[in-house]
file start.cif (mmCIF, C-alpha atoms)
data_upload
#
loop_
_atom_site.label_atom_id
_atom_site.label_comp_id
_atom_site.auth_asym_id
_atom_site.auth_seq_id
_atom_site.Cartn_x
_atom_site.Cartn_y
_atom_site.Cartn_z
CA MET X 1255 -30.39 -1.15 -17.29
CA ASN X 1256 -27.57 -3.67 -17.55
CA VAL X 1257 -26.20 -5.15 -14.33
CA SER X 1258 -23.04 -7.22 -14.04
CA GLY X 1259 -20.98 -8.67 -11.23
CA THR X 1260 -17.28 -8.31 -10.49
CA THR X 1261 -14.63 -10.66 -9.11
CA ILE X 1262 -16.01 -10.05 -5.60
CA GLU X 1263 -19.60 -10.91 -4.75
CA GLY X 1264 -21.66 -7.87 -3.84
CA VAL X 1265 -19.66 -5.32 -5.82
CA MET X 1266 -21.76 -4.62 -8.92
CA VAL X 1267 -21.51 -2.59 -12.12
CA PHE X 1268 -24.59 -0.81 -13.44
CA GLU X 1269 -25.09 0.64 -16.91
CA PRO X 1270 -28.26 2.75 -16.83
CA ARG X 1271 -30.33 3.16 -19.97
CA VAL X 1272 -29.37 6.35 -21.82
CA PHE X 1273 -31.63 8.22 -24.24
CA ASP X 1274 -29.48 10.02 -26.84
CA ASP X 1275 -30.53 12.39 -29.58
CA ASN X 1276 -29.15 15.43 -31.42
CA ARG X 1277 -29.76 17.63 -28.34
CA GLY X 1278 -27.71 15.48 -25.98
CA PHE X 1279 -28.89 12.71 -23.66
CA PHE X 1280 -31.09 11.87 -20.69
CA MET X 1281 -30.66 9.12 -18.09
CA GLU X 1282 -31.96 8.19 -14.67
CA THR X 1283 -28.98 8.11 -12.32
CA TYR X 1284 -31.04 6.50 -9.55
CA GLN X 1285 -34.57 5.21 -9.20
CA LYS X 1286 -35.23 3.40 -5.92
CA GLU X 1287 -37.56 0.63 -7.10
CA ARG X 1288 -35.58 -0.16 -10.24
CA TYR X 1289 -32.29 -0.37 -8.35
CA LYS X 1290 -33.93 -2.45 -5.63
CA GLN X 1291 -35.01 -4.98 -8.27
CA ALA X 1292 -31.42 -5.00 -9.56
CA GLY X 1293 -29.95 -5.80 -6.13
CA ILE X 1294 -29.37 -2.45 -4.38
CA ASP X 1295 -31.70 -2.47 -1.41
CA CYS X 1296 -30.32 0.19 0.89
CA HIS X 1297 -31.39 3.65 1.98
CA PHE X 1298 -29.11 6.41 0.68
CA VAL X 1299 -28.88 9.48 2.92
CA GLN X 1300 -26.03 11.56 1.49
CA ASP X 1301 -24.61 12.53 -1.92
CA ASN X 1302 -20.96 13.60 -2.31
CA LEU X 1303 -19.26 15.29 -5.25
CA SER X 1304 -15.48 15.44 -5.58
CA TYR X 1305 -13.26 17.14 -8.13
CA SER X 1306 -9.70 15.91 -8.64
CA VAL X 1307 -6.85 16.53 -11.05
CA GLN X 1308 -4.99 13.85 -12.99
CA GLY X 1309 -2.86 11.56 -10.84
CA THR X 1310 -4.88 12.09 -7.66
CA LEU X 1311 -5.60 8.99 -5.58
CA ARG X 1312 -8.26 9.05 -2.86
CA GLY X 1313 -8.51 6.11 -0.47
CA LEU X 1314 -8.69 3.49 0.73
CA HIS X 1315 -11.46 4.70 3.09
CA TYR X 1316 -14.10 3.09 5.27
CA GLN X 1317 -16.23 3.81 8.32
CA LEU X 1318 -16.43 1.18 11.05
CA HIS X 1319 -19.41 2.07 13.25
CA HIS X 1320 -21.32 3.92 10.53
CA PRO X 1321 -20.50 1.78 7.48
CA GLN X 1322 -21.39 3.22 4.11
CA ALA X 1323 -22.56 1.41 1.02
CA LYS X 1324 -21.79 3.59 -2.00
CA LEU X 1325 -23.09 4.04 -5.53
CA ILE X 1326 -20.33 5.73 -7.55
CA GLN X 1327 -20.46 7.41 -10.94
CA VAL X 1328 -18.32 9.85 -12.93
CA ILE X 1329 -19.90 13.04 -14.23
CA TYR X 1330 -16.83 14.07 -16.21
CA GLY X 1331 -13.46 12.44 -16.79
CA ALA X 1332 -12.27 8.93 -16.01
CA ILE X 1333 -11.26 7.01 -12.88
CA PHE X 1334 -10.07 3.56 -11.84
CA ASP X 1335 -12.33 2.62 -8.94
CA ILE X 1336 -11.23 0.12 -6.28
CA SER X 1337 -13.13 -1.93 -3.71
CA VAL X 1338 -11.24 -4.01 -1.11
CA ASP X 1339 -13.04 -6.60 1.02
CA ILE X 1340 -11.98 -5.97 4.64
CA ARG X 1341 -14.76 -8.00 6.31
CA ARG X 1342 -13.28 -10.38 8.86
CA GLY X 1343 -14.56 -13.87 8.10
CA SER X 1344 -15.28 -13.20 4.43
CA SER X 1345 -14.02 -15.74 1.89
CA THR X 1346 -12.62 -12.84 -0.14
CA PHE X 1347 -11.02 -10.95 2.76
CA GLY X 1348 -8.10 -8.83 1.53
CA LYS X 1349 -9.08 -9.20 -2.14
CA TRP X 1350 -9.72 -6.25 -4.44
CA THR X 1351 -11.65 -5.56 -7.59
CA GLY X 1352 -11.28 -2.59 -9.93
CA VAL X 1353 -13.55 -0.97 -12.51
CA HIS X 1354 -12.86 1.79 -15.03
CA ILE X 1355 -15.63 4.40 -14.81
CA LEU X 1356 -15.85 7.14 -17.42
CA GLY X 1357 -18.23 10.00 -17.87
CA LYS X 1358 -18.63 8.70 -21.42
CA ASN X 1359 -19.50 5.10 -20.52
CA ARG X 1360 -21.90 6.24 -17.74
CA ARG X 1361 -21.17 3.21 -15.62
CA GLN X 1362 -21.94 3.09 -11.92
CA VAL X 1363 -20.31 0.88 -9.30
CA PHE X 1364 -22.06 -0.28 -6.14
CA VAL X 1365 -19.79 -0.92 -3.14
CA PRO X 1366 -21.45 -2.72 -0.18
CA VAL X 1367 -20.74 -2.00 3.47
CA GLY X 1368 -17.61 -3.69 4.81
CA PHE X 1369 -15.35 -2.61 1.96
CA ALA X 1370 -12.54 -0.07 1.81
CA HIS X 1371 -12.99 2.16 -1.23
CA GLY X 1372 -10.73 4.37 -3.31
CA PHE X 1373 -10.13 5.66 -6.80
CA CYS X 1374 -7.50 7.37 -8.91
CA ILE X 1375 -7.91 9.91 -11.70
CA ILE X 1376 -6.71 8.77 -15.11
CA SER X 1377 -8.00 11.73 -17.16
CA ASN X 1378 -6.93 15.38 -17.03
CA SER X 1379 -9.47 15.86 -14.24
CA ALA X 1380 -12.67 14.23 -13.01
CA TYR X 1381 -15.89 14.94 -11.16
CA VAL X 1382 -16.99 11.93 -9.11
CA LEU X 1383 -20.49 11.75 -7.64
CA TYR X 1384 -21.47 9.09 -5.14
CA LYS X 1385 -24.41 8.20 -2.93
CA CYS X 1386 -23.85 6.92 0.64
CA SER X 1387 -26.09 4.80 2.85
CA ASP X 1388 -24.91 6.50 6.08
CA PHE X 1389 -23.68 9.95 7.00
CA TYR X 1390 -20.02 10.89 6.93
CA LYS X 1391 -18.58 10.80 10.45
CA PRO X 1392 -15.04 12.25 10.54
CA GLU X 1393 -14.30 10.59 13.88
CA ASP X 1394 -15.27 7.19 12.44
CA GLU X 1395 -13.29 7.40 9.20
CA MET X 1396 -10.53 4.83 8.85
CA GLY X 1397 -8.38 3.59 6.03
CA ILE X 1398 -5.96 1.12 4.51
CA LEU X 1399 -2.72 2.10 2.79
CA TRP X 1400 -3.28 2.42 -0.96
CA SER X 1401 -0.02 0.62 -1.75
CA ASP X 1402 -0.38 -2.25 0.74
CA PRO X 1403 1.90 -4.92 -0.82
CA GLU X 1404 -0.21 -7.83 0.43
CA ILE X 1405 -3.35 -6.48 -1.24
CA ALA X 1406 -1.25 -5.63 -4.32
CA ILE X 1407 -3.69 -3.39 -6.17
CA GLU X 1408 -2.65 -2.86 -9.79
CA TRP X 1409 -3.11 0.90 -9.87
CA PRO X 1410 -2.63 2.49 -13.31
CA ILE X 1411 -0.50 5.25 -11.73
CA SER X 1412 2.74 4.82 -9.78
CA ASP X 1413 3.35 8.17 -8.06
CA PRO X 1414 -0.09 9.52 -7.09
CA LEU X 1415 -1.06 12.81 -5.50
CA LEU X 1416 -2.13 11.88 -1.95
CA SER X 1417 -3.43 13.60 1.14
CA VAL X 1418 -1.27 13.33 4.27
CA LYS X 1419 -3.95 11.16 5.83
CA ASP X 1420 -4.09 8.73 2.91
CA ARG X 1421 -0.29 8.48 2.84
CA GLU X 1422 -0.14 7.44 6.50
CA TYR X 1423 -2.82 4.74 6.71
CA PRO X 1424 -1.61 1.28 7.86
CA CYS X 1425 -1.44 -1.91 5.85
CA LEU X 1426 -4.41 -4.23 6.31
CA SER X 1427 -2.36 -6.77 8.28
CA ASP X 1428 -1.42 -4.05 10.80
CA VAL X 1429 -5.00 -3.03 11.57
CA PRO X 1430 -6.30 -4.46 14.89
CA GLU X 1431 -9.22 -6.87 14.43
CA ASN X 1432 -11.54 -4.64 16.43
CA ARG X 1433 -11.01 -1.89 13.87
CA LEU X 1434 -12.19 -4.03 10.95
CA PRO X 1435 -15.81 -4.88 10.13
CA LEU X 1436 -17.08 -8.40 10.82
CA TYR X 1437 -18.59 -10.25 7.87
CA GLU X 1438 -21.68 -11.34 9.84
CA THR X 1439 -22.25 -7.79 11.08
CA CYS X 1440 -22.11 -6.46 7.54
CA GLU X 1441 -24.65 -9.04 6.42
CA THR X 1442 -26.92 -7.98 9.31
CA LYS X 1443 -26.52 -4.34 8.29
CA GLN X 1444 -27.57 -5.17 4.72
CA GLN X 1445 -30.68 -6.92 6.08
CA GLU X 1446 -31.50 -3.92 8.27
CA ASP X 1447 -31.23 -1.64 5.26
CA HIS X 1448 -33.58 -3.98 3.40
CA HIS X 1449 -36.24 -3.59 6.10
CA THR X 1450 -35.90 0.20 6.38
CA SER X 1451 -35.70 1.05 2.68
#
call {"tool": "encode", "arguments": {"input": "start.cif", "output": "structure tokens"}}
result
Amino acid sequence: MNVSGTTIEGVMVFEPRVFDDNRGFFMETYQKERYKQAGIDCHFVQDNLSYSVQGTLRGLHYQLHHPQAKLIQVIYGAIFDISVDIRRGSSTFGKWTGVHILGKNRRQVFVPVGFAHGFCIISNSAYVLYKCSDFYKPEDEMGILWSDPEIAIEWPISDPLLSVKDREYPCLSDVPENRLPLYETCETKQQEDHHTS
């Protein structure tokens, strides 16, 4: 398995080993000990699968009191996946990093806790599967506006299909400090996951 970093520390790209032959292919999409050795040392408790049509944009989402680390992959299609550091006190606060994930390249992206996450569909449609380190809590879900001009994400689409909720999220600078994760708290959470995994 190949592992590489991104422009923001903690956000990682994984390329699992794939066994191809004339019948098709086989790959391990997750194996706890192997991923732990590669730097993912958290306990995943929920898997989500989403289907979206071309031009859809989902995000930028996060949970404050039940933060979720995520391991994202594409089963079919292609997406541009975005992670935004919203940890107060982080040296990369407000910065973003993006990765193209295709069903064909079989990449995976790991997003640590303390990040807002989103993606857009750049193929005709896409199935996106992702593991989460905490349960989804609707009352705890928050978000940042996808087109926040200060973050200035270079999305490959200009007029995305959005939910009402995603369209109405605030810019990062308008979010009260107590509704953003603290860098030190996120680091503590990562250590707690290390001890419970």
call {"tool": "closest_residue", "arguments": {"input": "start.cif", "among": "X:Phe1389, X:Tyr1381, X:Tyr1437, X:Trp1400", "to": "Lys1419 in chain X", "atoms": "all atoms listed in the file"}}
result
X:Trp1400
call {"tool": "closest_atom_pairs", "arguments": {"input": "start.cif", "of": "range 1274-1348 of chain X", "to": "range 1353-1373 of chain X", "cutoff": "7 Å", "atoms": "all atoms listed in the file", "output": "CSV"}}
result
residue,atom,partner,partner_atom,distance
X:Leu1311,CA,X:Phe1373,CA,5.8
X:Arg1312,CA,X:Gly1372,CA,5.3
X:Gly1313,CA,X:Gly1372,CA,4.0
X:Leu1314,CA,X:Gly1372,CA,4.6
X:His1315,CA,X:Ala1370,CA,5.1
X:Tyr1316,CA,X:Ala1370,CA,4.9
X:Pro1321,CA,X:Val1367,CA,5.5
X:Gln1322,CA,X:Val1367,CA,5.3
X:Ala1323,CA,X:Pro1366,CA,4.4
X:Lys1324,CA,X:Val1365,CA,5.1
X:Leu1325,CA,X:Phe1364,CA,4.5
X:Ile1326,CA,X:Val1363,CA,5.2
X:Gln1327,CA,X:Gln1362,CA,4.7
X:Val1328,CA,X:Gly1357,CA,4.9
X:Ile1329,CA,X:Gly1357,CA,5.0
X:Tyr1330,CA,X:Gly1357,CA,4.6
X:Gly1331,CA,X:Gly1357,CA,5.5
X:Ala1332,CA,X:Leu1356,CA,4.2
X:Ile1333,CA,X:Ile1355,CA,5.4
X:Phe1334,CA,X:His1354,CA,4.6
X:Asp1335,CA,X:Phe1373,CA,4.3
X:Ile1336,CA,X:Gly1372,CA,5.2
X:Ser1337,CA,X:His1371,CA,4.8
X:Val1338,CA,X:Ala1370,CA,5.1
X:Asp1339,CA,X:Phe1369,CA,4.7
X:Ile1340,CA,X:Phe1369,CA,5.5
X:Arg1341,CA,X:Gly1368,CA,5.4
call {"tool": "residues_around", "arguments": {"input": "start.cif", "residues": "Asp1388 in chain X", "least_positions_apart": "2", "cutoff": "9 Å", "atoms": "all atoms listed in the file", "output": "list in words"}}
result
His1297, Phe1298, Val1299, Gln1300, His1320, Pro1321, Gln1322, Ala1323, Cys1386, Tyr1390 and Lys1391 of chain X
call {"tool": "atom_distance", "arguments": {"input": "start.cif", "atom1": "CA of Thr1283 in chain X", "atom2": "CA of Thr1261 in chain X"}}
result
23.8 Å
call {"tool": "closest_residue", "arguments": {"input": "start.cif", "among": "X:Thr1310, X:Asn1302, X:Gln1285, X:Thr1260", "to": "Ser1379 in chain X", "atoms": "all atoms listed in the file"}}
result
X:Thr1310
call {"tool": "decode", "arguments": {"input": "start.cif", "residues": "range 1341-1423 of chain X", "atoms": "C-alpha atoms", "output": "short mmCIF file (atom, residue, chain, number, x, y, z; two decimals), in the first residue's frame"}}
result
data_model
loop_
_atom_site.label_atom_id
_atom_site.label_comp_id
_atom_site.auth_asym_id
_atom_site.auth_seq_id
_atom_site.Cartn_x
_atom_site.Cartn_y
_atom_site.Cartn_z
CA ARG X 1341 -9.08 23.79 14.11
CA ARG X 1342 -8.61 26.98 16.12
CA GLY X 1343 -4.91 27.34 16.89
CA SER X 1344 -3.72 25.23 13.97
CA SER X 1345 -0.91 26.62 11.81
CA THR X 1346 -2.99 25.71 8.74
CA PHE X 1347 -6.33 27.08 9.99
CA GLY X 1348 -8.57 28.04 7.07
CA LYS X 1349 -6.41 26.21 4.52
CA TRP X 1350 -7.75 23.52 2.19
CA THR X 1351 -6.40 20.58 0.28
CA GLY X 1352 -8.07 18.70 -2.56
CA VAL X 1353 -7.63 15.22 -4.04
CA HIS X 1354 -9.15 13.64 -7.14
CA ILE X 1355 -10.56 10.22 -6.23
CA LEU X 1356 -11.73 7.88 -8.97
CA GLY X 1357 -13.20 4.43 -8.87
CA LYS X 1358 -10.49 3.54 -11.39
CA ASN X 1359 -7.52 4.84 -9.38
CA ARG X 1360 -8.86 3.26 -6.15
CA ARG X 1361 -7.41 5.99 -3.99
CA GLN X 1362 -8.59 6.65 -0.46
CA VAL X 1363 -8.33 9.89 1.49
CA PHE X 1364 -8.09 10.06 5.27
CA VAL X 1365 -9.53 13.21 6.88
CA PRO X 1366 -8.69 13.69 10.59
CA VAL X 1367 -11.05 15.14 13.18
CA GLY X 1368 -11.19 18.93 13.21
CA PHE X 1369 -11.66 19.32 9.47
CA ALA X 1370 -14.68 20.36 7.41
CA HIS X 1371 -15.15 17.92 4.54
CA GLY X 1372 -16.91 18.03 1.18
CA PHE X 1373 -16.75 16.75 -2.37
CA CYS X 1374 -18.19 17.39 -5.80
CA ILE X 1375 -19.05 14.93 -8.56
CA ILE X 1376 -17.06 15.32 -11.76
CA SER X 1377 -18.30 12.18 -13.56
CA ASN X 1378 -21.80 11.37 -14.80
CA SER X 1379 -22.54 9.99 -11.34
CA ALA X 1380 -20.62 8.56 -8.38
CA TYR X 1381 -20.94 6.20 -5.45
CA VAL X 1382 -18.88 7.42 -2.49
CA LEU X 1383 -18.20 5.14 0.48
CA TYR X 1384 -16.65 6.42 3.67
CA LYS X 1385 -15.86 5.18 7.15
CA CYS X 1386 -16.43 7.43 10.21
CA SER X 1387 -14.83 7.34 13.64
CA ASP X 1388 -17.99 8.56 15.42
CA PHE X 1389 -21.70 8.23 14.82
CA TYR X 1390 -23.66 10.75 12.79
CA LYS X 1391 -25.52 13.12 15.11
CA PRO X 1392 -27.95 15.35 13.16
CA GLU X 1393 -28.16 17.85 16.02
CA ASP X 1394 -24.36 18.19 16.05
CA GLU X 1395 -23.84 18.64 12.31
CA MET X 1396 -22.41 22.00 11.28
CA GLY X 1397 -20.89 23.41 8.16
CA ILE X 1398 -18.95 26.05 6.28
CA LEU X 1399 -20.12 27.66 3.04
CA TRP X 1400 -18.66 25.81 0.06
CA SER X 1401 -17.87 29.07 -1.75
CA ASP X 1402 -16.34 30.95 1.20
CA PRO X 1403 -14.17 33.57 -0.60
CA GLU X 1404 -11.53 33.64 2.14
CA ILE X 1405 -10.96 29.88 1.91
CA ALA X 1406 -11.09 30.18 -1.90
CA ILE X 1407 -11.42 26.51 -2.81
CA GLU X 1408 -10.72 25.92 -6.51
CA TRP X 1409 -13.72 23.72 -7.22
CA PRO X 1410 -13.81 22.22 -10.74
CA ILE X 1411 -17.50 23.17 -11.05
CA SER X 1412 -19.00 26.66 -10.84
CA ASP X 1413 -22.75 26.13 -10.45
CA PRO X 1414 -23.18 23.02 -8.30
CA LEU X 1415 -26.32 21.18 -7.24
CA LEU X 1416 -26.65 21.93 -3.51
CA SER X 1417 -28.98 21.07 -0.67
CA VAL X 1418 -30.75 23.99 1.01
CA LYS X 1419 -28.68 23.35 4.12
CA ASP X 1420 -25.36 23.44 2.27
CA ARG X 1421 -26.36 26.62 0.45
CA GLU X 1422 -27.04 28.46 3.73
CA TYR X 1423 -23.96 27.62 5.81
#
